[in-house]
Structure formats: C-alpha cells, structure tokens
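Step one of this worksheet: look at the structure below.
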Amino acid sequence: MVTSISNIKRFIRNDFTVLLLRLLLLYICIFITQIAFYLYNKSLLGSLTWAEIPMLLAGSFKFATTSIFYLNAPFIFLSLLPFKFRENSKYQRFLFWLYEITNSIGIVVLNIADIIYYRYAFKRITVEEMHFFRENDNTFDILFKAMGENWYLFLLGIALIVFLVVVYKKIKYHPTDISNKWVYFLVSLCLLIFSVFFWVMGIKGSMDLMARPIAMNNVAYYTQSPQKGSLVLSNPFCLVRTMGIKQQENPVYFEETELAKMFTPNHYPHSTNPPLAKGKNVVIFVLESFSREHSQYLAPHLNPNGGFTPFLDSLMQEGLVFPNAYANGMKSIEALPSVLSSIPSYRTPFALMPQALTDLDGLPRILANQGYGTHFFCGTQANQMGFEAFGRLCGIEHFYNRTHFEKQHPGEKNSNVWGIWDMPFLLYMTEELNRLDTPFFATVFTLSSHHPYDLPEEYADKMPKGTTPVQPCVAYTDLSLRKFFENASKMPWYENTLFIFVADHVSPQMAAEETRTARGNTAILYFMFTPDHSVKGRYEDVTQQLDIMPTTLGLMGYDKPYFAFGRDVFNEPERKPLVVNCVQQTYQALTDSLSLYFDGKNSLYVYSAYDTLQKHNILDLNDLNQKSLENDVKAILQSYYSHLNKSDFKISD
C-alpha cells in the first residue's frame with residue numbers, strides 16, 4: 001500500500017510537473033514578445049516608470065494565462081486523459097506536434113504580428129481584422145513586405161519556435177508505475193477534473209466563481225493610460241474575446257423619454273443662415289493619415305520651420321477651417337461611414353457589421369435625390385478595401401479605381417503595393433470630373449501616405465524628409481493636390497464647387513509627443529474651400545468627422561429631415577460641440593476643456609484639454625462638468641447601439 005501511494009504521488013507530480021513546465025514555456029514566449037512589443041512601439045506607448053511595472057506584469061500574467069488556456073485547451077485535456085494509451089510514444093509524439101503547431105501559430109506568430117500591426121491600427125489583432133483580411137486581396141503582399149522590413153522580428157519568431165521545440169523535448173514524460181488500470185483511471189480522472197477547474201478559473205481571470213470572465217477593458221485596472229493597455233494584452237485572448245462580434249452592446253442608461261431630450265440622431269433643419277453652398281458641386285478628399293501635426297497652419301508650434309502641407313495650408317487661409325477636428329475611428333474603413341453617412345464605428349467598424357447591409361440615407365443618397373450624380377475615386381483594385389461595397393450602400397453610383405486608370409494609361413509604372421500613386425490618379429480624376437454633368441458629388445480616397453511609404457522615383461529625393469517615414473509621402477500628396485487644383489482651376493465646374501478636405505485617421509507614424517496621447521492620435525486635418533470664397537472663416541470649437549455631413553447639408557440649404565449622429569455646427573446650437581470616438585476599446589469624449597475616457601460603465605480617466613500630454617488624471621466623480629460629459633456620452637452610446645441593434649438608420653418621427 002505504501003508503494004502504491006508512493007507511485008500515485010510520483011504519478012501526479014510527473015503529470016502535473018510536465019504539463020506545467022510545458023505551459024511555462026508559453027509564458028516565457030509571451031513575455032519576450034511583450035518586451036519586443038514595447039520596444040518596437042515605445043514611441044506610441046510612452047515611457048514606463050518603475051512604479052507602473054508591477055501592475056503591468058500582474059496584468060500581463062493574467063491575460064497571458066487566459067491566452068494560453070484558451071489556445072491549449074485540447075492539449076491540456078488530451079495530456080490528462082485517464083487512459084493508459086496516453087503513455088504510448090506515438091501518442092506523446094502526437095501531443096508534441098499538437099503543442100508545437102498550435103503555439104507556434106497562436107502564441108508566437110500571432111503576437112509577433114501584433115507587434116507590427118499595432119503601429120498601424122493602435123490596437124491588437126481581433127476578429128474584425130479577420131473580416132478585413134478576407135476583403136483585402138493584397139493582404140499577403142503587404143504582410144510579406146512588412147515581414148521583410150521587420151526581418152529582426154521575423155528572426156525573433158523563428159528563435160521562439162525553435163526554443164519551444166528544443167525545450168519541450170528536454171521536458172521528458174515518464175510512464176507511471178501504477179499497474180492497476182482502475183487506480184490509474186480514478187487518479188487520472190481526479191487530476192483531469194482538478195485541472196479543468198483551474199482551466200476555467202484561468203480563462204475567467206479570477207478564482208472567484210461569481211466573477212465575470214475577464215474582458216479587454218479590464219486592462220484599465222493595470223494601467224493608468226489607454227495606450228499601455230495594449231502592452232498588457234496578448235493574443236489569442238483578443239481574438240477569442242471578440243468572437244461575439246455580431247452580438248453588439250445594448251446599453252440602457254436612461255428611459256426613452258429622457259434619452260430623447262438628451263440626444264437624437266434625427267435632424268429637423270431650421271437654418272436661419274444663408275445657404276452659402278447651395279447648388280454647388282461637392283468634392284470630398286479623404287486624405288490618408290493627414291494628422292493635424294503635419295500642417296504648419298494647424299500646428300505652428302510643431303512645425304516652426306515649415307510643415308508638410310504647404311499647398312493645403314495656403315487653401316486653409318482662404319477657406320473655412322476647423323482647427324480642433326478629430327477622427328471618429330482609427331482605421332480607413334471607419335472613416336467613410338463617419339464622413340459620408342455620419343454614422344460612427346466605436347468598438348467595431350460599422351462598415352464590417354451585418355447591420356450596415358442596408359440602404360443608408362447618407363450624404364451621397366441625399367444629394368442624389370436632389371439631382372446630383374454621385375462618384376467615388378480610389379486608386380486601389382475594385383473594392384480592395386471594402387470602400388465600394390460601403391459606397392453603394394450610402395448612395396454612390398459610379399466608381400473609378402485602378403483598373404479604370406490603367407485602361408487609360410496602359411504600360412505605365414504608376415503604382416505601388418496599394419495602388420496608383422496620388423499624383424497621376426488625381427490628375428486622372430480631374431479629367432473624369434470634367435466629363436460629368438453638373439451638379440455632381442465626388443469623393444476620393446488618397447493612398448500615397450499609407451505604409452509602405454514609398455514614392456515614385458522622380459519624387460523620392462525631392463520631398464522634405466521630416467522625422468517620420470510618412471511625412472515625405474504627406475508632402476507628395478500635398479504636391480499632388482496642388483497639381484489637381486492647377487488642372488481643375490481651368491475647368492468650367494471649378495468655380496461652383498465646394499471642396500472638403502479631411503483625414504481618415506491620424507498617421508501611425510507620429511512625430512510629436514502630444515500626438516501620441518489618446519486625444520492627440522485622433523487629431524486630424526479638416527477644412528472646406530470654395531474658389532469663390534463664399535465659404536470662409538474659422539470654427540474654433542471641437543468638431544468631428546460625423547459633423548461633415550450635417551454641416552455640409554446646412555451650408556447647402558437642405559431643409560428636409562435626415563438621420564445623422566453628427567451636428568450642423570452652424571445651425572444647431574442646441575447640440576453640444578462634442579467628439580465621441582473609441583481608443584483602445586475605451587470610449588473617448590472630447591470637449592474644448594476636457595478629455596474623458598469611459599469603458600461603458602464607468603469613467604476611467606479625465607484630463608484637462610490643456611494637459612496636452614495627458615499626464616494628470618483629474619477624474620472626480622463629484623465634478624458636475626465631468627458627470628454631465630459622461631451623461632452625454634451615455635446618451636450617444638445608448639442611441640447608437642439601439643439603432644444599430646435594430647438596423648435602423650432612417651429618420652423616424
């Protein structure tokens with residue numbers, strides 16, 4: 001009996017020790033990738049203090065545990081099956097390959113990819129990226145190019161995979177000395193049940209049985225800034241916990257009657273101002289990565305020796321400028337719904353949701369109903385970014401892409417991995433606009449200031465270098481716009497056109513420290529220009545992409561009801577100047593005086609708008625201004641998710 005008990009103890013120690021050591025290897029891999037994540041993205045995340053590190057490590061361990069337990073559930077279960085055949089060498093070889101393949105892809109490759117991806121999207125890879133990859137037919141070209149540019153991370157990934165193989169084989173599994181199959185079964189079954197219990201606690205992130213499973217917004221507990229929350233996270237947790245992407249939030253903060261008094265997306269125009277742009281053609285330039293910091297006119301303190309948008313700066317001096325404008329998303333696919341339909345995205349890109357599959361009464365459709373032709377230009381392959389699919393939903397009828405361009409310019413070298421460079425494509429656009437009947441509505445999405453930040457050979461050495469790779473490309477696009485206007489100014493439709501310029505989002509390549517804050521990395525370029533100078537001035541309050549559609553309709557004298565989450569900044573004084581977007585899965589609310597961060601239940605941080613580096617959290621639950629701002633955010637979110645869950649984006653009485 002003594003021998004049997006001794007064998008049982010040795011058996012339990014052997015099984016548990018071997019399994020724990022193999023799982024420990026994965027913690028080491030994740031920890032190494034998180035160090036690499038921080039070093040690679042340090043300029044975006046900010047510096048660390050010694051006081052922060054213990055909590056960051058605690059959070060990292062919790063999220064790493066969840067990642068490892070999610071991904072290795074089959075391996076853990078199969079390693080502890082209560083049957084003798086698992087001691088067979090062939091079965092152990094099967095476990096080895098299951099472990100290596102699963103974790104090489106899920107732990108190493110995915111987290112290495114996260115390191116690079118974060119710089120461009122300011123978030124970890126989640127399920128929504130899987131939708132994007134399915135829609136983007138040059139994804140693998142881009143990934144291979146990124147891998148080549150970051151070869152050292154590629155080598156790190158290989159080293160970690162080799163590490164897993166070598167050390168796994170050194171952790172030897174020894175068959176048990178228990179000969180009685182029933183004792184073996186019962187002991188193994190108890191061990192399996194015990195392990196399942198700990199597995200459940202691991203994926204919940206708590207030993208408290210009543211606690212809710214750990215979620216992405218739990219990172220706020222471990223860090224004092226939204227940016228550093230991504231340092232705590234790891235994959236595949238981010239993928240698994242966003243698999244319910246179709247199950248949208250449905251927050252209820254207020255009764256419907258109270259909500260209607262606080263916020264409604266239903267607009268009933270009552271302008272008393274003259275329609276300065278009535279009957280004009282409308283051309284919207286959605287400018288890839290045109291952060292506010294690139295412009296000397298908008299950010300003179302960041303560009304004392306000149307910025308990277310001299311032509312646009314000259315237009316701003318003659319146009320209607322919004323110096324405190326912010327993006328409503330962090331990705332290009334989130335910009336179009338905001339700009340064209342005044343519908344935000346928040347935690348999930350609206351254009352990728354099934355609820356977006358409906359006709360939207362956005363700006364293109366409203367103008368189409370007024371007799372405008374509607375057109376969309378983008379130098380990528382057809383629907384490469386999903387733009388055309390969304391454009392059709394909001395009323396755009398005619399599309400011009402790389403294929404159309406190359407039919408007119410066969411055999412010419414005018415493109416990079418993304419599509420046609422901006423200068424030849426914008427010149428092509430002027431030719432196409434000149435063929436259109438007026439009035440027309442046109443949108444163009446520029447490409448050249450997107451990664452991989454390369455330029456045509458004849459311009460590569462002529463652009464100002466700047467301090468980030470994107471800035472020469474911004475200067476090239478600015479020059480391309482100058483050429484566009486030189487051509488367009490000779491055309492009959494030019495004088496009677498309202499031109500609108502807006503960035504899709506902030507560039508992932510940020511030069512200024514203030515641009516790396518949560519508020520700063522949504523600060524964009526936005527202004528309007530009319531050659532006849534009918535629309536001119538400077539609007540100082542905060543504004544957002546969502547406001548473009550209502551404000552444009554107001555300038556055009558549109559007097560029918562419409563649906564929009566933005567505001568006509570000149571004709572709706574009852575609506576507060578307010579920006580609501582989402583940073584690091586946290587809702588960000590911006591006014592002229594405050595920046596508030598709300599996780600859907602509670603405010604986490606509040607900063608003064610004058611605290612440009614966001615170093616002093618002034619959260620005060622008793623502050624009336626902060627409470628009022630939180631209620632404004634809640635009202636907008638409740639309205640948004642209510643309409644989203646009902647797929648209701650039409651004006652309602």
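Residues in the structure tokens are numbered from 1 in each chain, the chains being A, B, ... in the order shown, and ligands are numbered from 1 in the order shown.
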TODO: Could you find all residues in stretch 304-545 of chain A that DSSP calls helix (DSSP H, G or I) from the backbone, and write them as a PyMOL selection string?
DONE: chain A and resi 310-316+332-341+350-352+354-356+363-368+387-393+402-408+422-433+457-460+470-488+494-496+513-516+520-522+545
Determine, counting only C-alpha atoms, which protein, DNA and RNA residues have an atom within 10 Å of an atom of A:Ser415; residues of the same chain fewer than 3 positions away are not included. Present the result as a PDB file with C-alpha atoms, in the first residue's frame.
ATOM      1  CA  GLY A 379      -6.612  54.041 -56.879  1.00  0.00           C
ATOM      2  CA  THR A 380      -6.813  50.512 -55.461  1.00  0.00           C
ATOM      3  CA  ARG A 402      -7.011  51.206 -60.552  1.00  0.00           C
ATOM      4  CA  GLU A 406      -4.775  51.588 -66.195  1.00  0.00           C
ATOM      5  CA  GLU A 412       2.953  52.959 -67.342  1.00  0.00           C
ATOM      6  CA  TRP A 418      -1.587  49.635 -52.537  1.00  0.00           C
ATOM      7  CA  GLY A 419      -2.487  51.187 -55.858  1.00  0.00           C
ATOM      8  CA  ILE A 420      -1.974  54.196 -58.121  1.00  0.00           C
ATOM      9  CA  TRP A 421       0.154  56.970 -56.688  1.00  0.00           C
ATOM     10  CA  ASP A 422      -1.772  60.108 -55.840  1.00  0.00           C
ATOM     11  CA  PRO A 424      -1.302  60.500 -61.586  1.00  0.00           C
ATOM     12  CA  PHE A 425      -4.588  59.364 -60.062  1.00  0.00           C
ATOM     13  CA  LEU A 447      -3.246  56.326 -50.920  1.00  0.00           C
ATOM     14  CA  SER A 448       0.343  57.535 -51.102  1.00  0.00           C
ATOM     15  CA  ASP A 454       7.358  54.703 -50.899  1.00  0.00           C
ATOM     16  CA  LEU A 455       7.183  57.298 -53.664  1.00  0.00           C
ATOM     17  CA  PRO A 456       7.703  57.431 -57.428  1.00  0.00           C
TER      18      PRO A 456
END
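Rounded to one decimal, atom CA of A:Phe37 and atom CA of A:Glu334 lie 24.9 Å from each other.
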Could you list, with a cut-off of 6 Å and counting only C-alpha atoms, the residues of stretch 419-458 of chain A near stretch 471-489 of chain A, each shown with its nearest atom pair and the distance in Å rounded to one decimal, rows sorted by chain and ascending number, as a Markdown table?
| residue | atom | partner | partner_atom | distance |
| --- | --- | --- | --- | --- |
| A:Met423 | CA | A:Ser480 | CA | 4.4 |
| A:Leu426 | CA | A:Phe484 | CA | 5.9 |
| A:Leu427 | CA | A:Phe484 | CA | 5.6 |
| A:Thr430 | CA | A:Ala488 | CA | 6.0 |
| A:Ser449 | CA | A:Cys473 | CA | 4.8 |
What are the nearest atom pairs, with distances in Å to one decimal, for all residues of stretch 459-533 of chain A that come at most 10 Å from stretch 552-575 of chain A, using only C-alpha atoms, set out by chain and rising residue number as a Markdown table?
| residue | atom | partner | partner_atom | distance |
| --- | --- | --- | --- | --- |
| A:Leu498 | CA | A:Thr552 | CA | 9.1 |
| A:Ile500 | CA | A:Thr552 | CA | 9.1 |
| A:Met528 | CA | A:Thr552 | CA | 9.4 |
With C-alpha atoms retained, write the just-selected residues as an mmCIF file, in the first residue's frame.
data_model
loop_
_atom_site.group_PDB
_atom_site.id
_atom_site.type_symbol
_atom_site.label_atom_id
_atom_site.label_comp_id
_atom_site.auth_asym_id
_atom_site.auth_seq_id
_atom_site.Cartn_x
_atom_site.Cartn_y
_atom_site.Cartn_z
ATOM 1 C CA LEU A 498 -17.347 73.098 -52.520
ATOM 2 C CA ILE A 500 -13.891 69.390 -48.398
ATOM 3 C CA MET A 528 -13.547 73.437 -46.594
#
- [ ] Tell me which protein, DNA and RNA residues are within 7 Å of A:Val232, counting only C-alpha atoms, leaving out same-chain ones fewer than 3 positions away, and put them as number ranges by chain.
- [x] A: 56, 59-60, 219, 228-229
Written selection (C-alpha atoms) as an mmCIF file, in the first residue's frame:
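File result32.cif, as written:
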data_model
loop_
_atom_site.group_PDB
_atom_site.id
_atom_site.type_symbol
_atom_site.label_atom_id
_atom_site.label_comp_id
_atom_site.auth_asym_id
_atom_site.auth_seq_id
_atom_site.Cartn_x
_atom_site.Cartn_y
_atom_site.Cartn_z
ATOM 1 C CA LEU A 56 1.723 45.799 -15.773
ATOM 2 C CA GLY A 59 -1.983 42.203 -15.766
ATOM 3 C CA SER A 60 0.248 40.632 -18.388
ATOM 4 C CA VAL A 219 -6.700 46.380 -18.715
ATOM 5 C CA LYS A 228 -0.420 50.953 -22.243
ATOM 6 C CA GLY A 229 -3.423 48.673 -22.021
#
TODO: Can you work out which one of A:Val470, A:Ala609, A:Leu191, A:Val339 has the shortest atom-to-atom distance to A:Pro508, counting only C-alpha atoms?
DONE: A:Val470
Task: Residue neighbourhood A:Met510, 12 Å, only C-alpha atoms, exclusion window fewer than 5 positions, as a ChimeraX atom specification - done: /A:41-45,119-120,122,289-294,302,466-471,505,515-517,520-523
Can I get the selected residues back with N, CA and C atoms, as a tab-separated table (two decimals), in the first residue's frame?
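Below is the file out.tsv, written as the result:
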chain	number	residue	atom	x	y	z
A	41	ASN	N	7.14	49.63	-30.18
A	41	ASN	CA	6.09	50.65	-30.17
A	41	ASN	C	6.26	51.66	-29.04
A	42	LYS	N	7.46	51.79	-28.55
A	42	LYS	CA	7.70	52.66	-27.39
A	42	LYS	C	7.25	54.08	-27.64
A	43	SER	N	7.46	54.58	-28.85
A	43	SER	CA	7.09	55.97	-29.15
A	43	SER	C	5.58	56.19	-29.06
A	44	LEU	N	4.80	55.11	-29.26
A	44	LEU	CA	3.34	55.22	-29.19
A	44	LEU	C	2.82	54.98	-27.78
A	45	LEU	N	3.51	54.10	-27.05
A	45	LEU	CA	3.03	53.70	-25.72
A	45	LEU	C	3.48	54.65	-24.62
A	119	ARG	N	1.26	49.34	-34.67
A	119	ARG	CA	1.75	50.63	-35.12
A	119	ARG	C	0.83	51.26	-36.17
A	120	TYR	N	0.06	50.43	-36.85
A	120	TYR	CA	-0.79	50.94	-37.92
A	120	TYR	C	-2.26	51.07	-37.51
A	122	PHE	N	-3.24	50.89	-33.88
A	122	PHE	CA	-3.34	51.28	-32.49
A	122	PHE	C	-4.18	50.30	-31.68
A	289	SER	N	-4.06	59.39	-43.53
A	289	SER	CA	-3.09	59.68	-42.46
A	289	SER	C	-2.67	61.14	-42.36
A	290	PHE	N	-3.54	62.09	-42.73
A	290	PHE	CA	-3.20	63.51	-42.63
A	290	PHE	C	-3.49	64.01	-41.22
A	291	SER	N	-2.56	63.71	-40.33
A	291	SER	CA	-2.65	64.17	-38.96
A	291	SER	C	-2.55	65.69	-38.90
A	292	ARG	N	-3.12	66.26	-37.87
A	292	ARG	CA	-3.02	67.71	-37.68
A	292	ARG	C	-1.56	68.15	-37.58
A	293	GLU	N	-0.71	67.31	-37.02
A	293	GLU	CA	0.67	67.70	-36.77
A	293	GLU	C	1.47	67.95	-38.05
A	294	HIS	N	0.98	67.48	-39.21
A	294	HIS	CA	1.71	67.69	-40.46
A	294	HIS	C	1.59	69.11	-40.99
A	302	LEU	N	4.51	72.89	-33.74
A	302	LEU	CA	5.18	71.64	-34.08
A	302	LEU	C	5.97	71.73	-35.38
A	466	GLY	N	11.55	65.17	-43.20
A	466	GLY	CA	10.77	65.08	-41.96
A	466	GLY	C	11.45	64.20	-40.94
A	467	THR	N	10.70	63.83	-39.90
A	467	THR	CA	11.23	62.98	-38.84
A	467	THR	C	10.58	61.60	-38.81
A	468	THR	N	9.55	61.39	-39.64
A	468	THR	CA	8.90	60.08	-39.72
A	468	THR	C	8.77	59.68	-41.19
A	469	PRO	N	8.69	58.39	-41.49
A	469	PRO	CA	8.62	57.94	-42.89
A	469	PRO	C	7.41	58.45	-43.64
A	470	VAL	N	6.31	58.78	-42.93
A	470	VAL	CA	5.10	59.20	-43.62
A	470	VAL	C	5.18	60.65	-44.12
A	471	GLN	N	6.01	61.47	-43.51
A	471	GLN	CA	5.97	62.89	-43.81
A	471	GLN	C	6.38	63.23	-45.25
A	505	HIS	N	-7.74	59.24	-40.62
A	505	HIS	CA	-7.31	59.00	-39.24
A	505	HIS	C	-5.92	59.59	-39.07
A	515	THR	N	0.91	64.09	-30.00
A	515	THR	CA	0.11	63.33	-30.95
A	515	THR	C	-0.01	61.87	-30.52
A	516	ARG	N	0.85	61.43	-29.62
A	516	ARG	CA	0.83	60.04	-29.17
A	516	ARG	C	-0.13	59.80	-28.02
A	517	THR	N	-0.73	60.86	-27.49
A	517	THR	CA	-1.73	60.68	-26.45
A	517	THR	C	-3.04	60.20	-27.08
A	520	GLY	N	-4.53	63.17	-28.79
A	520	GLY	CA	-3.71	63.62	-29.90
A	520	GLY	C	-3.73	62.70	-31.10
A	521	ASN	N	-3.84	61.37	-30.85
A	521	ASN	CA	-3.79	60.50	-32.02
A	521	ASN	C	-5.14	60.29	-32.68
A	522	THR	N	-6.08	61.22	-32.41
A	522	THR	CA	-7.28	61.33	-33.25
A	522	THR	C	-7.43	62.75	-33.81
A	523	ALA	N	-6.42	63.60	-33.62
A	523	ALA	CA	-6.47	65.00	-34.08
A	523	ALA	C	-6.08	65.07	-35.56
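With only C-alpha atoms as the atoms that count, the residue of A:Ile35, A:Ala73, A:Leu393, A:Ala382 with the shortest distance to A:Ile53 is A:Ile35.
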Open item on the list: Which residue is closest to A:His267? Choose from A:Leu26, A:Ile366, A:Ile651, A:Val162 and count only C-alpha atoms.
Closed with: A:Ile651
